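Participant: The structure file final-v2.cif (mmCIF, C-alpha atoms) is provided below.
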```
data_query
loop_
_atom_site.group_PDB
_atom_site.id
_atom_site.type_symbol
_atom_site.label_atom_id
_atom_site.label_comp_id
_atom_site.auth_asym_id
_atom_site.auth_seq_id
_atom_site.Cartn_x
_atom_site.Cartn_y
_atom_site.Cartn_z
ATOM 1 C CA MET A 116 0.000 0.000 0.000
ATOM 2 C CA ASP A 117 1.283 3.463 -0.896
ATOM 3 C CA VAL A 118 1.988 5.710 2.065
ATOM 4 C CA ILE A 119 3.314 9.204 2.615
ATOM 5 C CA HIS A 120 5.934 9.904 5.263
ATOM 6 C CA GLU A 121 5.961 13.184 7.197
ATOM 7 C CA SER A 122 7.747 14.623 10.225
ATOM 8 C CA MET A 123 6.164 16.998 12.731
ATOM 9 C CA CYS A 124 6.732 17.942 16.379
ATOM 10 C CA GLY A 125 9.792 15.733 16.481
ATOM 11 C CA LEU A 126 7.769 12.659 15.479
ATOM 12 C CA ARG A 127 7.514 10.595 12.314
ATOM 13 C CA PHE A 128 4.186 9.859 10.659
ATOM 14 C CA SER A 129 3.165 7.256 8.099
ATOM 15 C CA LEU A 130 0.019 8.294 6.225
ATOM 16 C CA SER A 131 -2.267 6.295 3.976
ATOM 17 C CA ALA A 132 -3.732 7.918 0.899
ATOM 18 C CA THR A 133 -7.135 8.701 2.455
ATOM 19 C CA ALA A 134 -5.855 9.897 5.840
ATOM 20 C CA PHE A 135 -6.248 13.499 6.988
ATOM 21 C CA PHE A 136 -3.079 15.420 7.794
ATOM 22 C CA GLN A 137 -2.369 19.143 8.115
ATOM 23 C CA VAL A 138 -0.292 20.010 5.050
ATOM 24 C CA ASN A 139 1.023 23.241 6.590
ATOM 25 C CA THR A 140 3.199 21.402 9.085
ATOM 26 C CA VAL A 141 5.015 24.495 10.376
ATOM 27 C CA ALA A 142 1.756 26.193 11.412
ATOM 28 C CA ALA A 143 0.306 22.861 12.576
ATOM 29 C CA GLU A 144 3.221 22.421 14.985
ATOM 30 C CA ALA A 145 2.409 25.803 16.531
ATOM 31 C CA LEU A 146 -1.268 24.792 16.761
ATOM 32 C CA TYR A 147 -0.515 21.462 18.471
ATOM 33 C CA ARG A 148 1.927 23.041 20.914
ATOM 34 C CA LEU A 149 -0.737 25.572 21.863
ATOM 35 C CA ALA A 150 -3.368 22.841 22.247
ATOM 36 C CA GLY A 151 -1.049 20.991 24.619
ATOM 37 C CA GLU A 152 -0.299 24.105 26.665
ATOM 38 C CA TRP A 153 -3.970 24.984 27.020
ATOM 39 C CA ALA A 154 -5.014 21.415 27.853
ATOM 40 C CA SER A 155 -2.410 21.430 30.660
ATOM 41 C CA PRO A 156 -2.501 17.679 31.339
ATOM 42 C CA ASN A 157 -0.544 16.223 34.218
ATOM 43 C CA GLY A 158 1.397 12.986 34.136
ATOM 44 C CA LYS A 159 -1.652 11.027 35.318
ATOM 45 C CA SER A 160 -4.277 12.501 32.980
ATOM 46 C CA LEU A 161 -6.413 10.455 30.625
ATOM 47 C CA LEU A 162 -6.388 12.332 27.308
ATOM 48 C CA LEU A 163 -9.311 11.930 24.920
ATOM 49 C CA ASP A 164 -8.260 12.741 21.352
ATOM 50 C CA VAL A 165 -11.630 13.103 19.628
ATOM 51 C CA CYS A 166 -11.595 12.979 15.805
ATOM 52 C CA CYS A 167 -7.930 12.045 16.115
ATOM 53 C CA GLY A 168 -7.127 11.333 12.460
ATOM 54 C CA THR A 169 -3.711 9.679 12.251
ATOM 55 C CA GLY A 170 -3.002 10.425 15.910
ATOM 56 C CA THR A 171 -0.968 13.597 15.488
ATOM 57 C CA ILE A 172 -2.300 15.541 18.492
ATOM 58 C CA GLY A 173 -2.496 12.568 20.844
ATOM 59 C CA LEU A 174 0.986 11.323 19.990
ATOM 60 C CA THR A 175 2.557 14.755 20.451
ATOM 61 C CA LEU A 176 1.090 14.866 23.994
ATOM 62 C CA ALA A 177 1.570 11.194 24.922
ATOM 63 C CA LYS A 178 4.729 11.947 26.914
ATOM 64 C CA ASP A 179 2.767 14.341 29.152
ATOM 65 C CA VAL A 180 -0.156 12.054 30.061
ATOM 66 C CA ALA A 181 -0.805 8.611 31.492
ATOM 67 C CA LYS A 182 -2.893 7.407 28.548
ATOM 68 C CA VAL A 183 -4.139 8.660 25.185
ATOM 69 C CA VAL A 184 -7.369 7.294 23.747
ATOM 70 C CA GLY A 185 -8.083 8.464 20.210
ATOM 71 C CA VAL A 186 -11.312 8.091 18.242
ATOM 72 C CA ASP A 187 -11.961 8.573 14.537
ATOM 73 C CA ILE A 188 -14.603 7.389 12.109
ATOM 74 C CA VAL A 189 -12.075 6.689 9.319
ATOM 75 C CA GLU A 190 -10.672 3.176 9.808
ATOM 76 C CA GLU A 191 -7.600 3.844 7.669
ATOM 77 C CA SER A 192 -6.699 6.786 9.899
ATOM 78 C CA ILE A 193 -6.947 4.603 12.998
ATOM 79 C CA LYS A 194 -4.709 2.000 11.369
ATOM 80 C CA ASP A 195 -2.238 4.805 10.665
ATOM 81 C CA ALA A 196 -2.465 5.935 14.312
ATOM 82 C CA PHE A 197 -1.477 2.459 15.517
ATOM 83 C CA VAL A 198 1.416 2.407 13.047
ATOM 84 C CA ASN A 199 2.521 5.890 14.075
ATOM 85 C CA ALA A 200 2.416 5.007 17.777
ATOM 86 C CA THR A 201 4.690 2.042 17.103
ATOM 87 C CA LEU A 202 6.899 4.090 14.807
ATOM 88 C CA ASN A 203 7.508 6.610 17.596
ATOM 89 C CA GLY A 204 7.756 4.160 20.475
ATOM 90 C CA VAL A 205 4.540 5.372 22.125
ATOM 91 C CA SER A 206 3.087 2.581 24.259
ATOM 92 C CA ASN A 207 0.517 4.494 26.346
ATOM 93 C CA SER A 208 -2.089 4.964 23.616
ATOM 94 C CA ASP A 209 -5.136 3.239 22.207
ATOM 95 C CA TRP A 210 -7.075 4.042 19.060
ATOM 96 C CA VAL A 211 -10.732 3.332 18.364
ATOM 97 C CA ALA A 212 -12.388 3.264 14.957
ATOM 98 C CA GLY A 213 -16.019 4.335 14.941
ATOM 99 C CA LYS A 214 -18.468 7.176 15.321
ATOM 100 C CA ALA A 215 -17.472 9.460 18.162
ATOM 101 C CA GLU A 216 -21.087 9.676 19.366
ATOM 102 C CA VAL A 217 -21.011 5.902 19.947
ATOM 103 C CA ALA A 218 -17.389 5.455 21.041
ATOM 104 C CA ILE A 219 -16.967 8.340 23.517
ATOM 105 C CA PRO A 220 -19.789 7.343 25.931
ATOM 106 C CA ARG A 221 -18.531 3.737 25.839
ATOM 107 C CA ILE A 222 -14.912 4.763 26.482
ATOM 108 C CA LEU A 223 -15.859 7.039 29.386
ATOM 109 C CA ASN A 224 -17.908 4.234 30.917
ATOM 110 C CA GLU A 225 -15.066 1.737 30.410
ATOM 111 C CA TYR A 226 -12.527 3.977 32.158
ATOM 112 C CA LYS A 227 -14.916 5.310 34.812
ATOM 113 C CA SER A 228 -13.639 3.168 37.705
ATOM 114 C CA LEU A 229 -10.004 3.962 36.858
ATOM 115 C CA ILE A 230 -10.334 7.751 37.193
ATOM 116 C CA LYS A 231 -9.963 9.438 40.571
ATOM 117 C CA PRO A 232 -13.348 10.690 41.836
ATOM 118 C CA GLU A 233 -13.897 14.418 41.521
ATOM 119 C CA ASP A 234 -13.769 15.092 45.276
ATOM 120 C CA GLY A 235 -10.866 12.711 45.875
ATOM 121 C CA ALA A 236 -12.945 10.669 48.325
ATOM 122 C CA ARG A 237 -12.881 6.896 48.301
ATOM 123 C CA ARG A 238 -16.131 5.403 47.136
ATOM 124 C CA GLY A 239 -18.528 4.590 49.950
ATOM 125 C CA MET A 240 -16.131 5.599 52.747
ATOM 126 C CA PRO A 241 -16.194 8.504 55.231
ATOM 127 C CA SER A 242 -13.691 11.280 54.720
ATOM 128 C CA VAL A 243 -10.565 11.553 56.844
ATOM 129 C CA ALA A 244 -11.766 14.957 58.027
ATOM 130 C CA ALA A 245 -14.971 13.403 59.322
ATOM 131 C CA LEU A 246 -13.062 10.676 61.154
ATOM 132 C CA ASP A 247 -10.795 13.215 62.845
ATOM 133 C CA ASP A 248 -13.539 15.613 63.898
ATOM 134 C CA PRO A 249 -12.960 16.169 67.666
ATOM 135 C CA ASP A 250 -16.702 16.608 68.204
ATOM 136 C CA MET A 251 -17.151 12.950 67.212
ATOM 137 C CA SER A 252 -14.694 11.579 69.811
ATOM 138 C CA ALA A 253 -16.640 12.129 73.010
ATOM 139 C CA ASP A 254 -15.983 8.765 74.676
ATOM 140 C CA GLU A 255 -13.818 5.660 74.471
ATOM 141 C CA ASP A 256 -16.469 3.611 72.653
ATOM 142 C CA THR A 257 -16.789 6.250 69.966
ATOM 143 C CA GLU A 258 -13.009 6.546 69.673
ATOM 144 C CA ALA A 259 -12.694 2.773 69.309
ATOM 145 C CA ALA A 260 -15.319 2.773 66.567
ATOM 146 C CA LEU A 261 -13.548 5.600 64.749
ATOM 147 C CA GLN A 262 -10.216 3.822 65.023
ATOM 148 C CA HIS A 263 -11.817 0.768 63.434
ATOM 149 C CA GLN A 264 -13.115 2.963 60.603
ATOM 150 C CA ARG A 265 -9.634 4.403 60.083
ATOM 151 C CA THR A 266 -8.218 0.887 59.823
ATOM 152 C CA VAL A 267 -10.860 -0.159 57.294
ATOM 153 C CA LEU A 268 -10.287 3.070 55.340
ATOM 154 C CA ASN A 269 -6.564 2.386 55.076
ATOM 155 C CA GLN A 270 -7.097 -1.241 54.095
ATOM 156 C CA THR A 271 -9.559 -0.308 51.340
ATOM 157 C CA SER A 272 -7.423 2.457 49.848
ATOM 158 C CA VAL A 273 -7.957 2.682 46.093
ATOM 159 C CA GLU A 274 -5.128 3.519 43.714
ATOM 160 C CA TYR A 275 -6.562 5.205 40.627
ATOM 161 C CA LEU A 276 -4.691 5.087 37.329
ATOM 162 C CA TYR A 277 -5.802 8.559 36.240
ATOM 163 C CA ASP A 278 -6.163 11.813 38.158
ATOM 164 C CA ASP A 279 -8.497 13.496 35.667
ATOM 165 C CA VAL A 280 -9.773 13.596 32.101
ATOM 166 C CA VAL A 281 -8.598 16.091 29.492
ATOM 167 C CA ALA A 282 -10.137 16.307 26.013
ATOM 168 C CA ILE A 283 -8.951 17.765 22.737
ATOM 169 C CA VAL A 284 -11.489 17.717 19.928
ATOM 170 C CA ASP A 285 -10.663 18.439 16.293
ATOM 171 C CA PRO A 286 -13.831 17.648 14.342
ATOM 172 C CA PRO A 287 -14.493 18.011 10.614
ATOM 173 C CA ARG A 288 -16.314 21.077 9.315
ATOM 174 C CA ALA A 289 -19.714 19.688 10.403
ATOM 175 C CA GLY A 290 -18.658 19.842 14.064
ATOM 176 C CA LEU A 291 -19.316 17.356 16.852
ATOM 177 C CA HIS A 292 -22.437 15.201 17.057
ATOM 178 C CA ARG A 293 -24.759 16.259 19.869
ATOM 179 C CA GLN A 294 -24.326 12.918 21.652
ATOM 180 C CA VAL A 295 -20.585 13.557 21.863
ATOM 181 C CA LEU A 296 -21.274 16.949 23.444
ATOM 182 C CA VAL A 297 -23.671 15.320 25.921
ATOM 183 C CA ALA A 298 -21.132 12.637 26.891
ATOM 184 C CA LEU A 299 -18.314 15.157 27.368
ATOM 185 C CA ARG A 300 -20.490 17.471 29.435
ATOM 186 C CA ARG A 301 -21.714 14.649 31.687
ATOM 187 C CA GLU A 302 -18.166 13.525 32.533
ATOM 188 C CA ASN A 303 -17.708 15.698 35.632
ATOM 189 C CA ARG A 304 -14.007 14.848 35.949
ATOM 190 C CA LEU A 305 -13.410 16.529 32.603
ATOM 191 C CA LYS A 306 -12.386 20.057 33.617
ATOM 192 C CA ARG A 307 -10.513 21.279 30.520
ATOM 193 C CA LEU A 308 -11.531 20.878 26.909
ATOM 194 C CA VAL A 309 -9.613 22.267 23.942
ATOM 195 C CA TYR A 310 -11.684 22.697 20.787
ATOM 196 C CA VAL A 311 -9.821 22.919 17.456
ATOM 197 C CA SER A 312 -11.842 23.765 14.352
ATOM 198 C CA CYS A 313 -11.595 24.823 10.728
ATOM 199 C CA ASN A 314 -15.212 26.074 10.819
ATOM 200 C CA ALA A 315 -15.930 28.858 13.295
ATOM 201 C CA LYS A 316 -19.703 28.599 12.755
ATOM 202 C CA THR A 317 -20.082 24.962 13.832
ATOM 203 C CA MET A 318 -17.518 25.551 16.565
ATOM 204 C CA ALA A 319 -19.694 28.342 17.983
ATOM 205 C CA ASP A 320 -22.791 26.122 17.825
ATOM 206 C CA ASN A 321 -21.004 23.316 19.700
ATOM 207 C CA VAL A 322 -19.575 25.686 22.308
ATOM 208 C CA ILE A 323 -23.085 27.019 23.025
ATOM 209 C CA GLU A 324 -24.207 23.429 23.717
ATOM 210 C CA LEU A 325 -21.283 22.913 26.085
ATOM 211 C CA CYS A 326 -21.716 26.217 27.925
ATOM 212 C CA LEU A 327 -25.465 26.819 28.043
ATOM 213 C CA PRO A 328 -26.975 26.325 31.549
ATOM 214 C CA GLN A 329 -29.536 23.522 31.590
ATOM 215 C CA GLY A 330 -32.281 22.642 34.042
ATOM 216 C CA GLN A 331 -33.599 24.595 37.015
ATOM 217 C CA VAL A 332 -30.205 25.092 38.686
ATOM 218 C CA GLY A 333 -28.209 25.377 35.469
ATOM 219 C CA ASN A 334 -26.208 22.159 35.662
ATOM 220 C CA GLY A 335 -28.695 19.704 34.207
ATOM 221 C CA GLY A 336 -26.784 17.306 31.981
ATOM 222 C CA GLY A 337 -23.525 18.336 33.619
ATOM 223 C CA VAL A 338 -21.966 21.534 34.895
ATOM 224 C CA PRO A 339 -21.626 23.940 31.943
ATOM 225 C CA PHE A 340 -18.204 24.862 30.607
ATOM 226 C CA LYS A 341 -16.983 28.436 30.293
ATOM 227 C CA PRO A 342 -14.964 29.758 27.333
ATOM 228 C CA ILE A 343 -11.621 30.977 28.655
ATOM 229 C CA LYS A 344 -9.662 32.080 25.591
ATOM 230 C CA ALA A 345 -9.542 31.621 21.830
ATOM 231 C CA LEU A 346 -7.124 32.230 18.992
ATOM 232 C CA ALA A 347 -7.121 31.975 15.207
ATOM 233 C CA LEU A 348 -4.096 30.550 13.381
ATOM 234 C CA ASP A 349 -3.432 31.086 9.693
ATOM 235 C CA LEU A 350 -2.929 27.542 8.444
ATOM 236 C CA PHE A 351 -4.280 28.487 5.018
ATOM 237 C CA PRO A 352 -2.331 31.533 3.768
ATOM 238 C CA HIS A 353 -3.907 33.720 1.070
ATOM 239 C CA THR A 354 -7.378 32.307 1.767
ATOM 240 C CA GLU A 355 -10.269 33.473 3.953
ATOM 241 C CA HIS A 356 -9.982 30.349 6.128
ATOM 242 C CA VAL A 357 -8.311 29.997 9.527
ATOM 243 C CA GLU A 358 -7.931 27.283 12.132
ATOM 244 C CA ALA A 359 -9.550 28.307 15.411
ATOM 245 C CA ILE A 360 -8.689 27.008 18.866
ATOM 246 C CA MET A 361 -10.596 27.594 22.099
ATOM 247 C CA LEU A 362 -10.066 26.563 25.719
ATOM 248 C CA LEU A 363 -13.123 25.709 27.813
ATOM 249 C CA GLU A 364 -13.000 25.040 31.543
ATOM 250 C CA ARG A 365 -15.318 24.381 34.469
#
```
Show me, as structure tokens, the structure contained in the file I just sent.
Facilitator:
Amino acid sequence: MDVIHESMCGLRFSLSATAFFQVNTVAAEALYRLAGEWASPNGKSLLLDVCCGTGTIGLTLAKDVAKVVGVDIVEESIKDAFVNATLNGVSNSDWVAGKAEVAIPRILNEYKSLIKPEDGARRGMPSVAALDDPDMSADEDTEAALQHQRTVLNQTSVEYLYDDVVAIVDPPRAGLHRQVLVALRRENRLKRLVYVSCNAKTMADNVIELCLPQGQVGNGGGVPFKPIKALALDLFPHTEHVEAIMLLER
């Protein structure tokens, strides 16, 4: 099979004929560096690379996260992503072929028990602060009971593989499917989302869905995001088109 070989961000990429790849690699490097800076993952983040193509964004950030999970509807692109991960010695990544609206909810459910809970508390156990509250230690019987709880708490300590979830989305011109937006918004451990787009109109529509208060108290379907900053990069010189990038947080 004929392939094209490219280098970007210090990595090598093998591309099949139908795969998507930014042809302006110099500007694309600046875009991907900015996406990584804004996403601000830590070494134990789970990074969702939505509409990942050949894995360019996820692979450039793989060294900064615990795991990269990329999703794309084009099977050839996903095959390229696996090849590119191997080509660059990246072992902490997985790539899923399929519709994002189907794959993302399934992936989030699959990894749910491996991600540290939002409040840092162990599931089903009292907090350390509650156990050490002096108002709860009025007599020896109570103290003995609390000591037993402390022992159980220590014995049932859970080690989570991931501290949080970070997402970078880079959809085609049509934008993200509404079910993808719903799944991302409902994942309360997802605090930072970087949206990359070549179509500012669909980007704006998607951002409204992510940020609009829902329900009586405003957080129906998940706490709304807030747009923090945005920038346009000229990946297409001498045309009216730009690549837009926006950081959303909550």
Participant: Could you tell me which residues the PyMOL selection byres ((chain A and resi 307) around 10) grabs in this file, written as a PDB file with C-alpha atoms, keeping the file's coordinate frame?
Facilitator:
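Final file, out.pdb:
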```pdb
ATOM      1  CA  TRP A 153      -3.970  24.984  27.020  1.00  0.00           C
ATOM      2  CA  ALA A 154      -5.014  21.415  27.853  1.00  0.00           C
ATOM      3  CA  SER A 155      -2.410  21.430  30.660  1.00  0.00           C
ATOM      4  CA  PRO A 156      -2.501  17.679  31.339  1.00  0.00           C
ATOM      5  CA  ASP A 279      -8.497  13.496  35.667  1.00  0.00           C
ATOM      6  CA  VAL A 280      -9.773  13.596  32.101  1.00  0.00           C
ATOM      7  CA  VAL A 281      -8.598  16.091  29.492  1.00  0.00           C
ATOM      8  CA  ALA A 282     -10.137  16.307  26.013  1.00  0.00           C
ATOM      9  CA  ILE A 283      -8.951  17.765  22.737  1.00  0.00           C
ATOM     10  CA  ARG A 304     -14.007  14.848  35.949  1.00  0.00           C
ATOM     11  CA  LEU A 305     -13.410  16.529  32.603  1.00  0.00           C
ATOM     12  CA  LYS A 306     -12.386  20.057  33.617  1.00  0.00           C
ATOM     13  CA  LEU A 308     -11.531  20.878  26.909  1.00  0.00           C
ATOM     14  CA  VAL A 309      -9.613  22.267  23.942  1.00  0.00           C
ATOM     15  CA  TYR A 310     -11.684  22.697  20.787  1.00  0.00           C
ATOM     16  CA  PHE A 340     -18.204  24.862  30.607  1.00  0.00           C
ATOM     17  CA  LYS A 341     -16.983  28.436  30.293  1.00  0.00           C
ATOM     18  CA  ILE A 343     -11.621  30.977  28.655  1.00  0.00           C
ATOM     19  CA  LEU A 362     -10.066  26.563  25.719  1.00  0.00           C
ATOM     20  CA  LEU A 363     -13.123  25.709  27.813  1.00  0.00           C
ATOM     21  CA  GLU A 364     -13.000  25.040  31.543  1.00  0.00           C
ATOM     22  CA  ARG A 365     -15.318  24.381  34.469  1.00  0.00           C
TER      23      ARG A 365
END
```
Participant: For Ala359 of chain A, which of A:Lys214, A:Ser206, A:Ala143, A:Leu161 is the closest residue, counting all atoms listed in the file?
Facilitator: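 Nearest to Ala359 of chain A: A:Ala143.
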Participant: Skipping near chain neighbours, those fewer than 5 positions away, what residues fall within 9 Å of segment 314-317 of chain A using only C-alpha atoms, listed as a PDB file with C-alpha atoms, in the frame of the given file?
Facilitator:
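Output saved as out34.pdb:
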```pdb
ATOM      1  CA  PRO A 287     -14.493  18.011  10.614  1.00  0.00           C
ATOM      2  CA  ARG A 288     -16.314  21.077   9.315  1.00  0.00           C
ATOM      3  CA  ALA A 289     -19.714  19.688  10.403  1.00  0.00           C
ATOM      4  CA  GLY A 290     -18.658  19.842  14.064  1.00  0.00           C
ATOM      5  CA  LEU A 291     -19.316  17.356  16.852  1.00  0.00           C
ATOM      6  CA  VAL A 322     -19.575  25.686  22.308  1.00  0.00           C
ATOM      7  CA  HIS A 356      -9.982  30.349   6.128  1.00  0.00           C
ATOM      8  CA  VAL A 357      -8.311  29.997   9.527  1.00  0.00           C
ATOM      9  CA  GLU A 358      -7.931  27.283  12.132  1.00  0.00           C
ATOM     10  CA  ALA A 359      -9.550  28.307  15.411  1.00  0.00           C
TER      11      ALA A 359
END
```
Participant: Smallest atom-to-atom distance to Asp179 of chain A: which of A:Asp117, A:Glu144, A:Glu152, A:Asp320, using only C-alpha atoms?
Facilitator: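 With only C-alpha atoms as the atom set, the closest residue is A:Glu152.
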Participant: Could you expand the PyMOL selection byres ((chain A and resi 180) around 7) into the explicit residues it covers here, written as a ChimeraX atom specification?
Facilitator: /A:156-162,176-179,181-182
Participant: Can you work out the spacing between atom CA of Thr133 of chain A and atom CA of Ile188 of chain A in Å, to one decimal?
Facilitator: 12.3 Å
Participant: What does the structure give for the distance between atom CA of Ser208 of chain A and atom CA of Ser192 of chain A, in Å to one decimal?
Facilitator: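 Computed distance, atom CA of Ser208 of chain A to atom CA of Ser192 of chain A, equals 14.6 Å.
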Participant: I'd like the residues picked by the PyMOL selection byres ((chain A and resi 209) around 9) written out as a compact mmCIF listing (two decimals) with C-alpha atoms, in the frame of the given file, using the chain letters and numbers from the file.
Facilitator:
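Saved result, selection-v9.txt, follows:
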```
# COMPACT_ATOMS: atom_id res chain seq x y z
CA LYS A 182 -2.89 7.41 28.55
CA VAL A 183 -4.14 8.66 25.18
CA VAL A 184 -7.37 7.29 23.75
CA GLY A 185 -8.08 8.46 20.21
CA VAL A 186 -11.31 8.09 18.24
CA ALA A 196 -2.46 5.94 14.31
CA PHE A 197 -1.48 2.46 15.52
CA ALA A 200 2.42 5.01 17.78
CA SER A 206 3.09 2.58 24.26
CA ASN A 207 0.52 4.49 26.35
CA SER A 208 -2.09 4.96 23.62
CA TRP A 210 -7.08 4.04 19.06
CA VAL A 211 -10.73 3.33 18.36
```
Participant: I'd like the neighbourhood of Pro339 of chain A as a PyMOL selection string, where a residue qualifies if any of its atoms comes within 6 Å (using all atoms listed in the file), though same-chain residues fewer than 3 positions away should be ignored.
Facilitator: chain A and resi 325-326+328
Participant: For segment 219-221 of chain A, work out the shell of residues within 9 Å, counting only C-alpha atoms and skipping chain neighbours fewer than 5 positions away, then give it as a list in words.
Facilitator: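 The residues satisfying every condition are Leu163, Val165, Val186, Lys214, Tyr226, Gln294, Val295, Val297, Ala298 and Leu299 of chain A.
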Participant: Need the neighbours of (2.7, 6.3, 9.6): which residues are at most 6 Å away, counting all atoms listed in the file, as a list in words?
Facilitator: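 Checking each residue against the 6 Å limit leaves Phe128, Ser129, Leu130, Asp195, Val198 and Asn199 of chain A.
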Participant: If we count all atoms listed in the file and set the cut-off at 10 Å, which residues sit around Glu191 of chain A, ignoring sequence neighbours fewer than 5 positions away in its own chain? Please answer as an NGL selection string.
Facilitator: :A and (130-135 or 168-169 or 196 or 212)
